[in-house]
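Data first, discussion second: the structure below is written as structure tokens.
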Amino acid sequence: MAAKTEEIELQLLLEALYQQYHYDFRGYSMASVKRRVAQALVQFKCPSISALQEKLLHDPGLVPHLVAYLTVQVSEMFRDPSYYRALRENVIPHLKTYPSLKVWVAGCSAGEELYSLAILFREEGLESRTIFYATDINADALKKAELGIYDLDRVALFTDNHRKSGGKSSLSDYYTAAYGGVKFDKTLRERTVFSDHSLVSDSVFAEVHLVTCRNVLIYFNRELQDRAIGLFEDALVRRGFMGLGLKESMHFSAHTDSFTPFVLDQRIYQKKG
Ligand SMILES: C[S@@+](CC[C@H](N)C(=O)[O-])C[C@H]1O[C@@H](n2cnc3c(N)ncnc32)[C@H](O)[C@@H]1O
């Protein structure tokens, strides 16, 4: 099929998904969307993107499955341990000066980042005064985050990351073996509000002291990246902190002037006062 035709079909598919179901992938980086739609065609046995579009318009049950294809779920606990070490050593001392704290984990996937932060905050004595907001657009991932069950074969990596992040305890203190995997202690999520929230179309819902949004903006075009960072700026208290993924930066953002680099090599920024 001609590349141009496929381009048109892809635009129409995303438009249908938006107009009918309000999921807006139109401003995502297209290389990744294209790859994921190609996989979805095989899974849903559709000979073309147009055929998938037709199926989608008439079958709402397909939507969560397609959204699951379009959202990349790669994650791990204490991913990039140096980021968590920088939070622990540089950001936590500032957060300790507040009597109560709110933390927003935006694009939390199946909860790996949330549990990492909850453990870090517990180790640093901040957990009991913190409320966490864990948000994502992938309903299935949010359900998994609420369960906190992970495959056993991921635990060695999680444990190693936790140690490298400067962990003050043993990761095994926080989980029990269950359902052929490990289940993280429910007390770790007692102070968490899980919620469906899109950085593309929803607005700010709380004032927070730290927002961590890692490896989400890489899937957005420049305009959407700016929108998301604008949301974080609005949500943050003065001198609040924002952490991005190591491949993400504020460099070209329209909001650059509102932040100062705090630990630049770990992509941690502070909102100006
Ligand atoms: C690669 S994962 C990153 C997970 C975790 N933050 C990390 O760094 O390990 C990207 C996450 O962004 C979510 N996502 C994609 N588009 C989103 C949007 N518009 N609003 C909120 N989350 C979104 C996906 O569902 C997915 O869970």
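Identifiers for the structure tokens are assigned positionally: chains receive A, B, ... in sequence, residues are indexed from 1 per chain, and ligands are indexed from 1 in the order shown.
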If we count only C-alpha atoms, what is near Ser172 in chain A at a cut-off of 10 Å, once residues fewer than 2 positions away on the same chain are taken out, given as a tab-separated table (two decimals) with N, CA, C and O atoms, in the first residue's frame?
```
chain	number	residue	atom	x	y	z
A	155	VAL	N	11.81	-9.31	39.81
A	155	VAL	CA	12.17	-8.85	41.16
A	155	VAL	C	13.67	-8.65	41.34
A	155	VAL	O	14.11	-7.73	42.04
A	159	THR	N	15.21	-5.26	42.73
A	159	THR	CA	16.03	-5.29	43.95
A	159	THR	C	17.37	-4.60	43.70
A	159	THR	O	17.85	-3.81	44.51
A	169	SER	N	16.74	-0.19	53.03
A	169	SER	CA	16.19	-1.43	53.58
A	169	SER	C	16.29	-2.49	52.49
A	169	SER	O	16.83	-2.23	51.42
A	170	SER	N	15.72	-3.65	52.77
A	170	SER	CA	15.72	-4.68	51.75
A	170	SER	C	14.37	-4.63	51.02
A	170	SER	O	13.32	-4.52	51.66
A	174	TYR	N	9.04	-5.36	51.58
A	174	TYR	CA	7.82	-4.69	51.12
A	174	TYR	C	6.88	-5.59	50.30
A	174	TYR	O	5.87	-5.13	49.83
A	175	TYR	N	7.28	-6.85	50.07
A	175	TYR	CA	6.38	-7.71	49.30
A	175	TYR	C	6.30	-9.10	49.88
A	175	TYR	O	7.16	-9.51	50.66
A	176	THR	N	5.24	-9.83	49.48
A	176	THR	CA	5.14	-11.24	49.83
A	176	THR	C	4.90	-12.01	48.53
A	176	THR	O	4.35	-11.46	47.57
A	177	ALA	N	5.31	-13.26	48.52
A	177	ALA	CA	5.10	-14.09	47.34
A	177	ALA	C	3.61	-14.37	47.21
A	177	ALA	O	2.95	-14.69	48.20
A	182	VAL	N	5.06	-11.52	43.01
A	182	VAL	CA	5.17	-10.88	44.33
A	182	VAL	C	4.10	-9.79	44.43
A	182	VAL	O	3.78	-9.12	43.45
A	184	PHE	N	3.07	-6.38	46.42
A	184	PHE	CA	3.60	-5.33	47.29
A	184	PHE	C	2.57	-5.00	48.38
A	184	PHE	O	1.36	-5.03	48.15
```
Per residue of range 31-102 of chain A within 9 Å of range 213-225 of chain A, note the shortest atom pair and the distance in Å to one decimal, counting only C-alpha atoms, and order the rows by chain and increasing residue number, as JSON lines.
```
{"residue": "A:Ser32", "atom": "CA", "partner": "A:Tyr219", "partner_atom": "CA", "distance": 7.3}
{"residue": "A:Val33", "atom": "CA", "partner": "A:Tyr219", "partner_atom": "CA", "distance": 8.6}
{"residue": "A:Thr71", "atom": "CA", "partner": "A:Tyr219", "partner_atom": "CA", "distance": 8.8}
{"residue": "A:Val72", "atom": "CA", "partner": "A:Tyr219", "partner_atom": "CA", "distance": 8.6}
{"residue": "A:Val74", "atom": "CA", "partner": "A:Asn215", "partner_atom": "CA", "distance": 9.0}
{"residue": "A:Ser75", "atom": "CA", "partner": "A:Asn215", "partner_atom": "CA", "distance": 8.7}
```
Tell me which protein, DNA and RNA residues are within 10 Å of Lys168 in chain A, counting only C-alpha atoms, leaving out same-chain ones fewer than 2 positions away, and put them as a ChimeraX atom specification.
-> /A:119-120,122-124,162-163,165-166,170-171
Could the residues that lie within 9 Å of ligand 1, counting only C-alpha atoms and all ligand atoms, be listed as a PyMOL selection string?
-> chain A and resi 23-25+28+67-68+70-80+105-114+135-139+141-142+196-202+212-220+224+228+244-245
Excluding same-chain residues fewer than 6 positions from Lys271 in chain A, what lies within 9 Å of it counting only C-alpha atoms, as a short mmCIF file (atom, residue, chain, number, x, y, z; two decimals) with all heavy atoms, in the first residue's frame?
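Here's the written file result_12.cif:
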```cif
data_model
loop_
_atom_site.label_atom_id
_atom_site.label_comp_id
_atom_site.auth_asym_id
_atom_site.auth_seq_id
_atom_site.Cartn_x
_atom_site.Cartn_y
_atom_site.Cartn_z
N GLU A 233 3.50 22.83 35.62
CA GLU A 233 3.82 24.15 36.18
C GLU A 233 2.62 24.67 36.99
O GLU A 233 2.78 25.16 38.12
CB GLU A 233 4.15 25.12 35.04
CG GLU A 233 4.57 26.48 35.55
CD GLU A 233 4.64 27.53 34.45
OE1 GLU A 233 4.75 27.17 33.26
OE2 GLU A 233 4.56 28.72 34.81
N LEU A 236 2.23 22.69 40.33
CA LEU A 236 3.28 22.75 41.36
C LEU A 236 3.17 23.99 42.25
O LEU A 236 2.84 25.08 41.78
CB LEU A 236 4.66 22.77 40.68
CG LEU A 236 5.17 21.42 40.19
CD1 LEU A 236 6.40 21.60 39.31
CD2 LEU A 236 5.49 20.49 41.37
N VAL A 237 3.47 23.79 43.52
CA VAL A 237 3.60 24.94 44.42
C VAL A 237 4.86 25.70 43.99
O VAL A 237 5.71 25.17 43.27
CB VAL A 237 3.77 24.49 45.90
CG1 VAL A 237 2.55 23.71 46.37
CG2 VAL A 237 5.03 23.64 46.08
N ARG A 238 4.98 26.93 44.44
CA ARG A 238 6.21 27.69 44.17
C ARG A 238 7.40 26.92 44.73
O ARG A 238 7.33 26.39 45.84
CB ARG A 238 6.13 29.08 44.79
CG ARG A 238 5.15 29.99 44.06
CD ARG A 238 4.82 31.22 44.87
NE ARG A 238 6.01 31.99 45.17
CZ ARG A 238 6.34 32.46 46.37
NH1 ARG A 238 5.56 32.23 47.39
NH2 ARG A 238 7.43 33.15 46.55
N ARG A 239 8.43 26.80 43.98
CA ARG A 239 9.65 26.07 44.35
C ARG A 239 9.43 24.55 44.48
O ARG A 239 10.21 23.84 45.11
CB ARG A 239 10.29 26.65 45.62
CG ARG A 239 10.56 28.16 45.47
CD ARG A 239 11.31 28.77 46.62
NE ARG A 239 12.70 28.33 46.69
CZ ARG A 239 13.66 28.71 45.84
NH1 ARG A 239 13.39 29.53 44.86
NH2 ARG A 239 14.88 28.28 45.99
N GLY A 240 8.33 24.08 43.85
CA GLY A 240 8.07 22.64 43.80
C GLY A 240 8.97 22.00 42.73
O GLY A 240 9.57 22.69 41.90
N PHE A 241 9.01 20.66 42.73
CA PHE A 241 9.98 19.94 41.88
C PHE A 241 9.29 19.13 40.78
O PHE A 241 8.20 18.59 40.99
CB PHE A 241 10.82 19.00 42.74
CG PHE A 241 11.66 19.75 43.74
CD1 PHE A 241 11.17 19.99 45.01
CD2 PHE A 241 12.91 20.23 43.39
CE1 PHE A 241 11.92 20.70 45.94
CE2 PHE A 241 13.67 20.95 44.30
CZ PHE A 241 13.18 21.18 45.59
N MET A 242 9.97 19.06 39.64
CA MET A 242 9.47 18.26 38.51
C MET A 242 10.59 17.34 38.03
O MET A 242 11.70 17.82 37.75
CB MET A 242 9.06 19.21 37.37
CG MET A 242 8.62 18.47 36.12
SD MET A 242 8.06 19.62 34.84
CE MET A 242 9.61 20.27 34.27
N SER A 258 10.13 29.23 33.45
CA SER A 258 9.42 29.08 34.72
C SER A 258 10.13 28.12 35.67
O SER A 258 9.71 27.94 36.81
CB SER A 258 8.01 28.55 34.48
OG SER A 258 7.38 29.33 33.50
N PHE A 259 11.16 27.44 35.18
CA PHE A 259 11.86 26.44 35.99
C PHE A 259 13.37 26.73 36.02
O PHE A 259 13.90 27.31 35.08
CB PHE A 259 11.67 25.03 35.39
CG PHE A 259 10.28 24.50 35.53
CD1 PHE A 259 9.32 24.75 34.55
CD2 PHE A 259 9.91 23.72 36.62
CE1 PHE A 259 8.02 24.26 34.66
CE2 PHE A 259 8.61 23.21 36.73
CZ PHE A 259 7.67 23.47 35.75
N THR A 260 14.02 26.29 37.08
CA THR A 260 15.48 26.28 37.06
C THR A 260 15.93 24.82 37.12
O THR A 260 15.29 24.01 37.82
CB THR A 260 16.08 27.03 38.27
OG1 THR A 260 15.36 26.64 39.44
CG2 THR A 260 15.98 28.52 38.11
N PRO A 261 17.01 24.50 36.42
CA PRO A 261 17.52 23.13 36.52
C PRO A 261 17.96 22.90 37.96
O PRO A 261 18.60 23.77 38.55
CB PRO A 261 18.74 23.12 35.59
CG PRO A 261 18.59 24.33 34.73
CD PRO A 261 17.81 25.33 35.52
#
```
Have a look at A:Arg88, A:Leu13, A:Leu152, A:Val211 and name the one nearest to Ala51 in chain A; count only C-alpha atoms.
->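 For Ala51 in chain A, the nearest of the candidates is A:Leu13.
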Would you return as a PyMOL selection string the members of range 165-220 of chain A that DSSP assigns to strand (DSSP E or B) on this structure's backbone?
-> chain A and resi 175-178+181-184+192-196+208-213+220
Quick one: DSSP alpha helix (DSSP H) residues in range 123-157 of chain A, as number ranges by chain?
-> A: 123, 139-147, 155-157
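Proximity to His209 in chain A was assessed for A:Leu188, A:Leu147, A:Leu264, A:Ile92 counting only C-alpha atoms; the smallest distance is recorded for A:Ile92.
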Using only C-alpha atoms, which of the listed residues (A:Gly61, A:Gly273, A:Gly167, A:Gly148) sits closest to Arg189 in chain A?
->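 Among the listed residues, the smallest separation from Arg189 in chain A belongs to A:Gly148.
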What is the CA of Val208 in chain A to CA of Glu127 in chain A distance in Å?
->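 Spanning CA of Val208 in chain A to CA of Glu127 in chain A is a straight-line distance of 14.7 Å.
In this structure, CA of Asp151 in chain A sits 22.6 Å away from CA of Pro64 in chain A.
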CA of Arg85 in chain A to CA of Ala235 in chain A, distance in Å rounded to a single decimal =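 Spanning CA of Arg85 in chain A to CA of Ala235 in chain A is a straight-line distance of 24.0 Å.
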